[in-house]
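Trainee: As input, take protein-v9.cif (mmCIF, C-alpha atoms):
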data_work
loop_
_atom_site.group_PDB
_atom_site.id
_atom_site.type_symbol
_atom_site.label_atom_id
_atom_site.label_comp_id
_atom_site.auth_asym_id
_atom_site.auth_seq_id
_atom_site.Cartn_x
_atom_site.Cartn_y
_atom_site.Cartn_z
ATOM 1 C CA MET A 1 -4.736 -145.986 -34.392
ATOM 2 C CA ASN A 2 -4.821 -147.755 -37.765
ATOM 3 C CA ILE A 3 -8.359 -149.005 -38.530
ATOM 4 C CA ARG A 4 -7.099 -152.270 -40.045
ATOM 5 C CA VAL A 5 -5.221 -153.057 -36.852
ATOM 6 C CA LYS A 6 -8.360 -152.337 -34.825
ATOM 7 C CA GLU A 7 -10.433 -154.607 -37.067
ATOM 8 C CA SER A 8 -7.886 -157.398 -36.566
ATOM 9 C CA LEU A 9 -7.940 -156.924 -32.796
ATOM 10 C CA SER A 10 -11.721 -156.974 -32.759
ATOM 11 C CA ARG A 11 -11.782 -160.316 -34.538
ATOM 12 C CA ARG A 12 -9.347 -161.775 -31.986
ATOM 13 C CA ARG A 13 -11.553 -160.791 -29.058
ATOM 14 C CA GLY A 14 -13.948 -163.616 -29.830
ATOM 15 C CA ARG A 15 -17.249 -164.129 -28.063
ATOM 16 C CA ALA A 16 -18.085 -161.684 -25.311
ATOM 17 C CA TYR A 17 -18.645 -162.973 -21.806
ATOM 18 C CA HIS A 18 -20.630 -161.591 -18.915
ATOM 19 C CA ILE A 19 -19.045 -159.721 -16.039
ATOM 20 C CA ASP A 20 -20.638 -162.139 -13.567
ATOM 21 C CA SER A 21 -18.466 -164.972 -14.899
ATOM 22 C CA LEU A 22 -15.244 -163.218 -13.850
ATOM 23 C CA PRO A 23 -13.545 -163.210 -10.435
ATOM 24 C CA SER A 24 -14.360 -160.313 -8.146
ATOM 25 C CA PHE A 25 -11.792 -158.048 -6.563
ATOM 26 C CA PRO A 26 -9.834 -160.216 -4.080
ATOM 27 C CA LEU A 27 -10.764 -159.345 -0.491
ATOM 28 C CA LYS A 28 -7.316 -160.144 0.915
ATOM 29 C CA MET A 29 -5.788 -157.813 -1.599
ATOM 30 C CA ALA A 30 -8.371 -155.141 -0.857
ATOM 31 C CA ASN A 31 -7.556 -155.392 2.844
ATOM 32 C CA ARG A 32 -3.850 -154.901 2.202
ATOM 33 C CA VAL A 33 -3.864 -151.787 0.059
ATOM 34 C CA SER A 34 -0.330 -150.561 -0.492
ATOM 35 C CA ILE A 35 1.113 -147.240 0.556
ATOM 36 C CA THR A 36 1.349 -146.326 -3.098
ATOM 37 C CA LEU A 37 -2.353 -146.900 -3.587
ATOM 38 C CA LEU A 38 -3.225 -145.147 -0.330
ATOM 39 C CA VAL A 39 -1.366 -142.150 -1.681
ATOM 40 C CA SER A 40 -3.250 -142.578 -4.936
ATOM 41 C CA LEU A 41 -6.556 -142.707 -3.074
ATOM 42 C CA PHE A 42 -5.568 -139.592 -1.141
ATOM 43 C CA VAL A 43 -4.813 -137.860 -4.410
ATOM 44 C CA SER A 44 -8.205 -138.932 -5.752
ATOM 45 C CA SER A 45 -9.951 -137.400 -2.755
ATOM 46 C CA PHE A 46 -7.890 -134.258 -3.247
ATOM 47 C CA LEU A 47 -8.802 -134.189 -6.927
ATOM 48 C CA ALA A 48 -12.508 -134.574 -6.210
ATOM 49 C CA ALA A 49 -12.295 -131.627 -3.851
ATOM 50 C CA SER A 50 -10.267 -129.488 -6.263
ATOM 51 C CA ALA A 51 -11.647 -130.679 -9.589
ATOM 52 C CA GLY A 52 -11.404 -128.338 -12.534
ATOM 53 C CA ASN A 53 -14.212 -126.553 -14.293
ATOM 54 C CA PHE A 54 -15.045 -127.575 -17.843
ATOM 55 C CA TYR A 55 -15.926 -123.976 -18.778
ATOM 56 C CA ARG A 56 -12.431 -122.929 -17.737
ATOM 57 C CA ASP A 57 -10.388 -125.970 -18.755
ATOM 58 C CA VAL A 58 -11.727 -127.304 -22.078
ATOM 59 C CA ASP A 59 -13.259 -126.339 -25.413
ATOM 60 C CA ILE A 60 -15.967 -128.385 -27.102
ATOM 61 C CA THR A 61 -14.301 -128.766 -30.481
ATOM 62 C CA TRP A 62 -16.877 -130.548 -32.613
ATOM 63 C CA GLY A 63 -20.401 -131.955 -32.621
ATOM 64 C CA ASP A 64 -22.573 -128.932 -33.488
ATOM 65 C CA GLY A 65 -24.177 -128.686 -30.057
ATOM 66 C CA ARG A 66 -23.981 -132.382 -29.151
ATOM 67 C CA GLY A 67 -21.413 -131.629 -26.469
ATOM 68 C CA LYS A 68 -22.815 -129.763 -23.457
ATOM 69 C CA ILE A 69 -21.290 -128.393 -20.258
ATOM 70 C CA LEU A 70 -23.632 -128.911 -17.309
ATOM 71 C CA ARG A 71 -23.942 -128.267 -13.558
ATOM 72 C CA ARG A 72 -21.985 -125.029 -13.493
ATOM 73 C CA GLY A 73 -19.040 -126.581 -15.259
ATOM 74 C CA ASN A 74 -18.611 -129.722 -13.174
ATOM 75 C CA THR A 75 -20.076 -132.143 -15.749
ATOM 76 C CA LEU A 76 -19.833 -132.463 -19.511
ATOM 77 C CA SER A 77 -21.946 -134.674 -21.786
ATOM 78 C CA LEU A 78 -21.092 -135.929 -25.263
ATOM 79 C CA SER A 79 -23.750 -137.306 -27.587
ATOM 80 C CA LEU A 80 -23.778 -139.300 -30.805
ATOM 81 C CA ASP A 81 -26.519 -139.669 -33.404
ATOM 82 C CA LYS A 82 -26.509 -140.813 -37.014
ATOM 83 C CA THR A 83 -25.372 -137.397 -38.205
ATOM 84 C CA SER A 84 -22.423 -136.773 -35.892
ATOM 85 C CA GLY A 85 -20.627 -137.507 -32.671
ATOM 86 C CA SER A 86 -18.935 -134.895 -30.474
ATOM 87 C CA GLY A 87 -15.731 -134.123 -28.632
ATOM 88 C CA PHE A 88 -13.703 -131.726 -26.511
ATOM 89 C CA GLN A 89 -10.070 -130.908 -25.776
ATOM 90 C CA SER A 90 -8.187 -129.117 -23.038
ATOM 91 C CA LYS A 91 -7.376 -125.473 -23.566
ATOM 92 C CA ARG A 92 -3.727 -126.035 -22.687
ATOM 93 C CA ALA A 93 -1.101 -128.653 -23.422
ATOM 94 C CA TYR A 94 0.844 -130.467 -20.703
ATOM 95 C CA LEU A 95 4.329 -131.954 -20.440
ATOM 96 C CA PHE A 96 3.921 -134.670 -17.788
ATOM 97 C CA GLY A 97 1.201 -134.806 -15.166
ATOM 98 C CA ARG A 98 -1.533 -136.794 -13.489
ATOM 99 C CA PHE A 99 -4.848 -136.622 -15.354
ATOM 100 C CA ASP A 100 -8.080 -137.884 -13.820
ATOM 101 C CA VAL A 101 -11.665 -137.868 -14.986
ATOM 102 C CA GLN A 102 -14.817 -139.626 -13.869
ATOM 103 C CA MET A 103 -16.897 -141.118 -16.669
ATOM 104 C CA LYS A 104 -20.249 -142.819 -17.037
ATOM 105 C CA LEU A 105 -20.512 -144.630 -20.345
ATOM 106 C CA VAL A 106 -23.366 -145.124 -22.797
ATOM 107 C CA PRO A 107 -25.867 -147.586 -21.249
ATOM 108 C CA GLY A 108 -27.839 -150.365 -22.930
ATOM 109 C CA ASN A 109 -27.059 -151.309 -26.508
ATOM 110 C CA SER A 110 -23.878 -149.325 -27.162
ATOM 111 C CA ALA A 111 -22.644 -151.527 -30.032
ATOM 112 C CA GLY A 112 -20.630 -149.606 -32.596
ATOM 113 C CA THR A 113 -19.894 -146.654 -30.324
ATOM 114 C CA VAL A 114 -16.473 -145.587 -29.042
ATOM 115 C CA THR A 115 -16.063 -143.293 -26.025
ATOM 116 C CA THR A 116 -12.578 -141.889 -25.450
ATOM 117 C CA PHE A 117 -10.337 -139.982 -23.053
ATOM 118 C CA TYR A 118 -6.704 -139.546 -24.077
ATOM 119 C CA LEU A 119 -3.593 -137.396 -24.262
ATOM 120 C CA THR A 120 -2.198 -136.468 -27.664
ATOM 121 C CA SER A 121 0.229 -134.108 -29.361
ATOM 122 C CA GLN A 122 -0.018 -133.085 -33.005
ATOM 123 C CA GLY A 123 1.701 -134.024 -36.267
ATOM 124 C CA ASN A 124 2.970 -137.174 -37.962
ATOM 125 C CA LYS A 125 5.421 -137.858 -35.125
ATOM 126 C CA HIS A 126 2.836 -137.349 -32.409
ATOM 127 C CA ASP A 127 2.746 -138.979 -28.977
ATOM 128 C CA GLU A 128 -0.489 -140.348 -27.521
ATOM 129 C CA ILE A 129 -1.822 -142.233 -24.473
ATOM 130 C CA ASP A 130 -5.288 -143.735 -24.966
ATOM 131 C CA PHE A 131 -8.386 -144.806 -23.101
ATOM 132 C CA GLU A 132 -10.973 -146.063 -25.620
ATOM 133 C CA PHE A 133 -14.181 -147.779 -24.523
ATOM 134 C CA LEU A 134 -15.697 -150.006 -27.204
ATOM 135 C CA GLY A 135 -19.441 -150.499 -26.853
ATOM 136 C CA ASN A 136 -21.303 -153.790 -26.996
ATOM 137 C CA GLN A 137 -24.771 -155.283 -27.175
ATOM 138 C CA SER A 138 -27.021 -155.001 -24.134
ATOM 139 C CA GLY A 139 -25.932 -157.387 -21.402
ATOM 140 C CA ASN A 140 -22.362 -157.736 -22.685
ATOM 141 C CA PRO A 141 -19.435 -155.820 -21.172
ATOM 142 C CA TYR A 142 -17.497 -152.965 -22.688
ATOM 143 C CA THR A 143 -13.964 -153.505 -23.976
ATOM 144 C CA LEU A 144 -11.379 -151.045 -22.657
ATOM 145 C CA HIS A 145 -8.739 -150.466 -25.330
ATOM 146 C CA THR A 146 -5.438 -148.804 -24.345
ATOM 147 C CA ASN A 147 -2.537 -147.774 -26.543
ATOM 148 C CA VAL A 148 0.682 -145.759 -26.333
ATOM 149 C CA TYR A 149 2.091 -143.876 -29.329
ATOM 150 C CA THR A 150 5.653 -142.610 -29.386
ATOM 151 C CA GLN A 151 6.920 -140.459 -32.258
ATOM 152 C CA GLY A 152 3.974 -141.484 -34.406
ATOM 153 C CA GLN A 153 4.315 -145.212 -33.773
ATOM 154 C CA GLY A 154 1.549 -147.032 -31.904
ATOM 155 C CA ASN A 155 0.549 -150.691 -32.199
ATOM 156 C CA ARG A 156 1.046 -151.153 -28.444
ATOM 157 C CA GLU A 157 -2.498 -152.249 -27.715
ATOM 158 C CA GLN A 158 -3.697 -153.816 -24.514
ATOM 159 C CA GLU A 159 -7.373 -154.561 -24.024
ATOM 160 C CA PHE A 160 -9.379 -155.343 -20.910
ATOM 161 C CA ARG A 161 -12.795 -156.132 -19.557
ATOM 162 C CA LEU A 162 -13.782 -154.102 -16.510
ATOM 163 C CA TRP A 163 -14.774 -155.697 -13.185
ATOM 164 C CA PHE A 164 -17.860 -153.477 -12.900
ATOM 165 C CA ASP A 165 -20.612 -152.007 -15.063
ATOM 166 C CA PRO A 166 -19.180 -148.657 -16.304
ATOM 167 C CA THR A 167 -22.650 -147.418 -17.289
ATOM 168 C CA PHE A 168 -24.283 -147.729 -13.863
ATOM 169 C CA LYS A 169 -22.380 -144.955 -12.110
ATOM 170 C CA PHE A 170 -19.284 -142.797 -12.485
ATOM 171 C CA HIS A 171 -15.833 -144.391 -12.231
ATOM 172 C CA THR A 172 -12.408 -142.740 -12.214
ATOM 173 C CA TYR A 173 -9.947 -143.193 -15.085
ATOM 174 C CA SER A 174 -6.411 -141.864 -14.663
ATOM 175 C CA ILE A 175 -3.190 -141.397 -16.584
ATOM 176 C CA ILE A 176 0.040 -140.763 -14.677
ATOM 177 C CA TRP A 177 2.745 -139.604 -17.076
ATOM 178 C CA ASN A 178 6.155 -138.815 -15.661
ATOM 179 C CA PRO A 179 9.706 -138.991 -17.055
ATOM 180 C CA GLN A 180 10.172 -142.589 -15.855
ATOM 181 C CA ARG A 181 6.870 -144.284 -16.760
ATOM 182 C CA ILE A 182 3.231 -144.095 -17.751
ATOM 183 C CA ILE A 183 0.735 -145.694 -15.360
ATOM 184 C CA ILE A 184 -2.871 -146.216 -16.454
ATOM 185 C CA LEU A 185 -5.380 -146.716 -13.642
ATOM 186 C CA VAL A 186 -9.068 -147.528 -13.233
ATOM 187 C CA ASP A 187 -10.536 -146.501 -9.878
ATOM 188 C CA ASN A 188 -6.930 -146.140 -8.680
ATOM 189 C CA ILE A 189 -6.113 -149.751 -9.581
ATOM 190 C CA PRO A 190 -3.178 -149.960 -12.031
ATOM 191 C CA ILE A 191 -3.991 -151.851 -15.206
ATOM 192 C CA ARG A 192 -0.965 -150.961 -17.322
ATOM 193 C CA VAL A 193 2.576 -149.595 -17.012
ATOM 194 C CA PHE A 194 4.710 -148.397 -19.918
ATOM 195 C CA SER A 195 8.258 -147.707 -18.724
ATOM 196 C CA ASN A 196 10.907 -145.422 -20.157
ATOM 197 C CA LEU A 197 13.282 -147.862 -21.875
ATOM 198 C CA GLU A 198 15.202 -145.409 -24.015
ATOM 199 C CA ALA A 199 18.376 -147.121 -22.813
ATOM 200 C CA ILE A 200 17.550 -150.073 -25.082
ATOM 201 C CA GLY A 201 16.299 -147.937 -27.955
ATOM 202 C CA VAL A 202 12.567 -147.725 -27.183
ATOM 203 C CA PRO A 203 11.197 -144.212 -27.833
ATOM 204 C CA TYR A 204 9.423 -142.622 -24.866
ATOM 205 C CA PRO A 205 7.066 -139.625 -24.923
ATOM 206 C CA LYS A 206 8.952 -136.915 -23.052
ATOM 207 C CA ASN A 207 9.474 -133.927 -25.358
ATOM 208 C CA GLN A 208 6.069 -133.103 -26.839
ATOM 209 C CA PRO A 209 3.400 -131.410 -24.710
ATOM 210 C CA MET A 210 0.027 -133.117 -25.107
ATOM 211 C CA LYS A 211 -3.562 -131.976 -24.777
ATOM 212 C CA ILE A 212 -6.395 -133.952 -23.247
ATOM 213 C CA GLN A 213 -8.997 -134.938 -25.814
ATOM 214 C CA ALA A 214 -12.237 -136.880 -25.475
ATOM 215 C CA SER A 215 -14.908 -137.965 -27.918
ATOM 216 C CA LEU A 216 -17.944 -140.125 -28.582
ATOM 217 C CA TRP A 217 -18.124 -141.386 -32.152
ATOM 218 C CA ASP A 218 -19.427 -144.139 -34.409
ATOM 219 C CA ALA A 219 -17.067 -146.975 -35.384
ATOM 220 C CA GLU A 220 -19.570 -149.680 -36.319
ATOM 221 C CA ASP A 221 -17.269 -150.995 -39.053
ATOM 222 C CA TRP A 222 -14.881 -152.483 -36.455
ATOM 223 C CA ALA A 223 -15.688 -151.610 -32.831
ATOM 224 C CA THR A 224 -18.032 -154.444 -31.797
ATOM 225 C CA GLN A 225 -17.087 -158.049 -32.594
ATOM 226 C CA GLY A 226 -15.032 -156.967 -35.594
ATOM 227 C CA GLY A 227 -17.898 -154.997 -37.092
ATOM 228 C CA LYS A 228 -20.360 -157.894 -37.063
ATOM 229 C CA VAL A 229 -22.669 -155.977 -34.716
ATOM 230 C CA LYS A 230 -23.706 -152.606 -36.121
ATOM 231 C CA THR A 231 -24.922 -149.481 -34.372
ATOM 232 C CA ASP A 232 -28.650 -149.553 -33.624
ATOM 233 C CA TRP A 233 -29.596 -146.005 -34.539
ATOM 234 C CA SER A 234 -33.089 -146.459 -33.132
ATOM 235 C CA MET A 235 -31.370 -146.160 -29.718
ATOM 236 C CA ALA A 236 -29.831 -142.757 -30.558
ATOM 237 C CA PRO A 237 -28.889 -140.324 -29.256
ATOM 238 C CA PHE A 238 -26.167 -142.136 -27.305
ATOM 239 C CA THR A 239 -24.768 -140.091 -24.413
ATOM 240 C CA ALA A 240 -21.706 -140.397 -22.164
ATOM 241 C CA TYR A 241 -20.885 -138.179 -19.187
ATOM 242 C CA TYR A 242 -17.617 -136.755 -17.821
ATOM 243 C CA ARG A 243 -17.120 -135.008 -14.485
ATOM 244 C CA ASN A 244 -14.426 -133.965 -11.989
ATOM 245 C CA PHE A 245 -11.697 -133.529 -14.586
ATOM 246 C CA SER A 246 -8.374 -132.707 -12.958
ATOM 247 C CA ALA A 247 -4.831 -132.136 -14.217
ATOM 248 C CA LEU A 248 -1.920 -132.062 -11.766
ATOM 249 C CA THR A 249 1.195 -130.795 -13.528
ATOM 250 C CA THR A 250 4.652 -129.520 -12.688
ATOM 251 C CA ASP A 251 3.302 -125.995 -12.262
ATOM 252 C CA SER A 252 0.395 -127.094 -10.035
ATOM 253 C CA SER A 253 0.583 -126.232 -6.366
ATOM 254 C CA GLY A 254 0.534 -128.943 -3.731
ATOM 255 C CA PHE A 255 1.012 -132.694 -4.216
ATOM 256 C CA LYS A 256 3.626 -133.760 -6.782
ATOM 257 C CA GLY A 257 4.111 -137.402 -5.838
ATOM 258 C CA TRP A 258 2.977 -138.385 -9.348
ATOM 259 C CA LEU A 259 6.255 -136.982 -10.731
ATOM 260 C CA THR A 260 8.202 -140.017 -9.455
ATOM 261 C CA GLN A 261 5.324 -142.445 -8.885
ATOM 262 C CA ASP A 262 5.986 -146.155 -9.371
ATOM 263 C CA LEU A 263 4.283 -149.369 -8.252
ATOM 264 C CA ASP A 264 5.349 -151.043 -5.033
ATOM 265 C CA VAL A 265 4.890 -154.760 -4.276
ATOM 266 C CA GLN A 266 1.169 -154.467 -3.595
ATOM 267 C CA GLY A 267 0.653 -152.299 -6.649
ATOM 268 C CA ARG A 268 2.334 -154.960 -8.787
ATOM 269 C CA LYS A 269 0.032 -157.606 -7.249
ATOM 270 C CA LEU A 270 -2.986 -155.557 -8.261
ATOM 271 C CA LEU A 271 -1.574 -155.162 -11.753
ATOM 272 C CA ARG A 272 -1.038 -158.933 -12.031
ATOM 273 C CA TRP A 273 -4.597 -159.550 -10.840
ATOM 274 C CA VAL A 274 -6.026 -157.282 -13.530
ATOM 275 C CA GLN A 275 -3.823 -158.703 -16.255
ATOM 276 C CA LYS A 276 -4.531 -162.319 -15.233
ATOM 277 C CA TYR A 277 -8.308 -162.100 -15.049
ATOM 278 C CA TYR A 278 -9.361 -159.127 -17.174
ATOM 279 C CA MET A 279 -6.840 -158.738 -19.990
ATOM 280 C CA LEU A 280 -8.199 -159.701 -23.411
ATOM 281 C CA TYR A 281 -5.260 -158.799 -25.611
ATOM 282 C CA ASN A 282 -1.587 -157.879 -25.115
ATOM 283 C CA TYR A 283 0.578 -156.931 -28.076
ATOM 284 C CA CYS A 284 3.605 -158.367 -26.278
ATOM 285 C CA ALA A 285 1.931 -161.790 -26.150
ATOM 286 C CA ASP A 286 1.064 -161.686 -29.857
ATOM 287 C CA ARG A 287 3.696 -163.781 -31.606
ATOM 288 C CA ARG A 288 3.074 -161.977 -34.875
ATOM 289 C CA ARG A 289 3.890 -158.579 -33.366
ATOM 290 C CA ARG A 290 5.947 -158.845 -30.183
ATOM 291 C CA PHE A 291 9.326 -159.130 -31.880
ATOM 292 C CA SER A 292 8.869 -155.698 -33.498
ATOM 293 C CA HIS A 293 8.781 -154.082 -30.028
ATOM 294 C CA ARG A 294 11.985 -154.179 -27.964
ATOM 295 C CA GLU A 295 10.164 -153.412 -24.732
ATOM 296 C CA CYS A 296 8.397 -156.774 -24.952
ATOM 297 C CA THR A 297 11.650 -158.540 -24.059
ATOM 298 C CA ARG A 298 12.047 -156.620 -20.789
ATOM 299 C CA SER A 299 8.816 -156.769 -18.819
ATOM 300 C CA ARG A 300 5.436 -158.503 -18.796
ATOM 301 C CA PHE A 301 3.841 -155.399 -17.276
ATOM 302 C CA LEU A 302 3.534 -153.096 -20.270
#
Could you show the structure in this file as structure tokens?

Mentor:
Amino acid sequence: MNIRVKESLSRRRGRAYHIDSLPSFPLKMANRVSITLLVSLFVSSFLAASAGNFYRDVDITWGDGRGKILRRGNTLSLSLDKTSGSGFQSKRAYLFGRFDVQMKLVPGNSAGTVTTFYLTSQGNKHDEIDFEFLGNQSGNPYTLHTNVYTQGQGNREQEFRLWFDPTFKFHTYSIIWNPQRIIILVDNIPIRVFSNLEAIGVPYPKNQPMKIQASLWDAEDWATQGGKVKTDWSMAPFTAYYRNFSALTTDSSGFKGWLTQDLDVQGRKLLRWVQKYYMLYNYCADRRRRFSHRECTRSRFL
């Protein structure tokens, strides 16, 4: 993503607020979980039981030893210090799939740091689907930044606060990518949908296989309050953890419900709840940018 765009978005976020000031997950909604989400929860249980092995599935691609595979391949840690961050990528590329990982983010004063998990192809016309977690000062919540690139064009940012502390324990972050839509989920709750709208001229990522990549790196020039809060290197090394990575693809055995997965009525209610109470920024609501994206005229759930 273009750094200038990220700096602009960071300035628009304004003053951070505490998680305690936000509404909790609605009990009525929790008691009426949809069939779609029950299926999703079933898949999550299946994934936890059949999670991949980092030794087998990924390569640590940079960081000079700052990335480490632990616990017989179930867990991977990435670290950042003033010299370098670190990262990994999947050994293979995928064309469509459901991709899940559990993450525990950098605790305490994480200002200036960015922890990522995303799908990407290569080249100037690349496709990409992003999770980026922007750190903050102690006591202030992370910002979850999402974006979708198609044929090299991004600028489809949506940003959220989370309804929990992502540093306290592991939480599950998922990307469902099928020919009809992309669904981004946190703990099996949908936070974003990007639909295939090629019929009205919106490019959709469907031809380029993508690899999973993840990283922990320093972006103090823009990541926290538009760069006003810098990285406190006295707190280094900063460390984030990944575990239970799983990729369900067209050549995987077993469950393939992700290949046609959509949101039902209850799933859409959950999406509205997230976007009402936890969304910080939506490119389709930005008057300076929405008219350059045709999809913004079709749906509020992007």

Trainee: Quick one: contact table of region 263-299 of chain A to region 165-184 of chain A, 12 Å max, nearest atom pair and distance in Å to one decimal per residue, counting all atoms listed in the file, chain and number order, as a Markdown table?

Mentor:
| residue | atom | partner | partner_atom | distance |
| --- | --- | --- | --- | --- |
| A:Leu263 | CA | A:Ile183 | CA | 8.8 |
| A:Gly267 | CA | A:Ile183 | CA | 10.9 |
| A:Arg268 | CA | A:Ile183 | CA | 11.5 |
| A:Leu271 | CA | A:Ile184 | CA | 10.2 |
| A:Val274 | CA | A:Ile184 | CA | 11.9 |

Trainee: Translate the PyMOL selection byres ((chain A and resi 112-124) around 6) into a concrete residue list for this structure, as a compact mmCIF listing (two decimals) with C-alpha atoms, keeping the file's coordinate frame.

Mentor:
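Full text of selection12.txt as output:
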# COMPACT_ATOMS: atom_id res chain seq x y z
CA SER A 110 -23.88 -149.32 -27.16
CA ALA A 111 -22.64 -151.53 -30.03
CA LYS A 125 5.42 -137.86 -35.12
CA HIS A 126 2.84 -137.35 -32.41
CA ASP A 127 2.75 -138.98 -28.98
CA GLU A 128 -0.49 -140.35 -27.52
CA ILE A 129 -1.82 -142.23 -24.47
CA ASP A 130 -5.29 -143.74 -24.97
CA PHE A 131 -8.39 -144.81 -23.10
CA GLU A 132 -10.97 -146.06 -25.62
CA PHE A 133 -14.18 -147.78 -24.52
CA LEU A 134 -15.70 -150.01 -27.20
CA GLY A 135 -19.44 -150.50 -26.85
CA GLY A 152 3.97 -141.48 -34.41
CA MET A 210 0.03 -133.12 -25.11
CA LYS A 211 -3.56 -131.98 -24.78
CA ILE A 212 -6.40 -133.95 -23.25
CA GLN A 213 -9.00 -134.94 -25.81
CA ALA A 214 -12.24 -136.88 -25.48
CA SER A 215 -14.91 -137.96 -27.92
CA LEU A 216 -17.94 -140.12 -28.58
CA TRP A 217 -18.12 -141.39 -32.15
CA ASP A 218 -19.43 -144.14 -34.41
CA ALA A 219 -17.07 -146.98 -35.38
CA GLU A 220 -19.57 -149.68 -36.32
CA ALA A 223 -15.69 -151.61 -32.83
CA THR A 224 -18.03 -154.44 -31.80
CA LYS A 230 -23.71 -152.61 -36.12
CA THR A 231 -24.92 -149.48 -34.37

Trainee: Could you please determine the separation between CA of Tyr283 (chain A) and CA of Arg156 (chain A) in Å, to one decimal place?

Mentor: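 Answer for the CA of Tyr283 (chain A) to CA of Arg156 (chain A) separation: 5.8 Å.
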
Trainee: Given the PyMOL selection byres ((chain A and resi 103) around 7) and the file above, list the residues it selects as JSON, numbers by chain.

Mentor: {"A": [101, 102, 104, 105, 170, 171, 172, 241, 242, 243]}

Trainee: Using all atoms listed in the file, which of A:Ser234, A:Thr146, A:Asn207, A:Asn244 sits nearest Leu70 (chain A)?

Mentor: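 Of A:Ser234, A:Thr146, A:Asn207, A:Asn244, the one nearest Leu70 (chain A), counting all atoms listed in the file, is A:Asn244.
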
Trainee: Just give me the gap between CA of Tyr281 (chain A) and CA of Gln158 (chain A) in Å, one decimal is fine.

Mentor: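 Answer for the CA of Tyr281 (chain A) to CA of Gln158 (chain A) separation: 5.3 Å.
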
Trainee: Have a look at A:Asn53, A:Val106, A:Gln137, A:Asp100 and name the one nearest to Ala240 (chain A); count all atoms listed in the file.

Mentor: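 Ranking A:Asn53, A:Val106, A:Gln137, A:Asp100 by distance to Ala240 (chain A), first place goes to A:Val106.
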
Trainee: Find the distance between CA of Phe99 (chain A) and CA of Ser246 (chain A) and write it in Å to one decimal.

Mentor: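 Interatomic distance, CA of Phe99 (chain A) to CA of Ser246 (chain A): 5.8 Å.
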
Trainee: Could you pull the residues within 12 Å of Ile69 (chain A), counting only C-alpha atoms, minus those fewer than 5 positions along the same chain, as number ranges by chain?

Mentor: A: 53-60, 74-79, 87-88, 241-243

Trainee: Just checking: using all atoms listed in the file, which residue out of A:Asp81, A:Asp64, A:Glu295, A:Asp286 ends up closest to Ala199 (chain A)?

Mentor: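 Answer, going by the shortest atom-to-atom distance: A:Glu295.
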
Trainee: If we count all atoms listed in the file and set the cut-off at 7 Å, which residues sit around Trp258 (chain A), ignoring sequence neighbours fewer than 2 positions away in its own chain? Please answer as a ChimeraX atom specification.

Mentor: /A:98,176,256,260-261
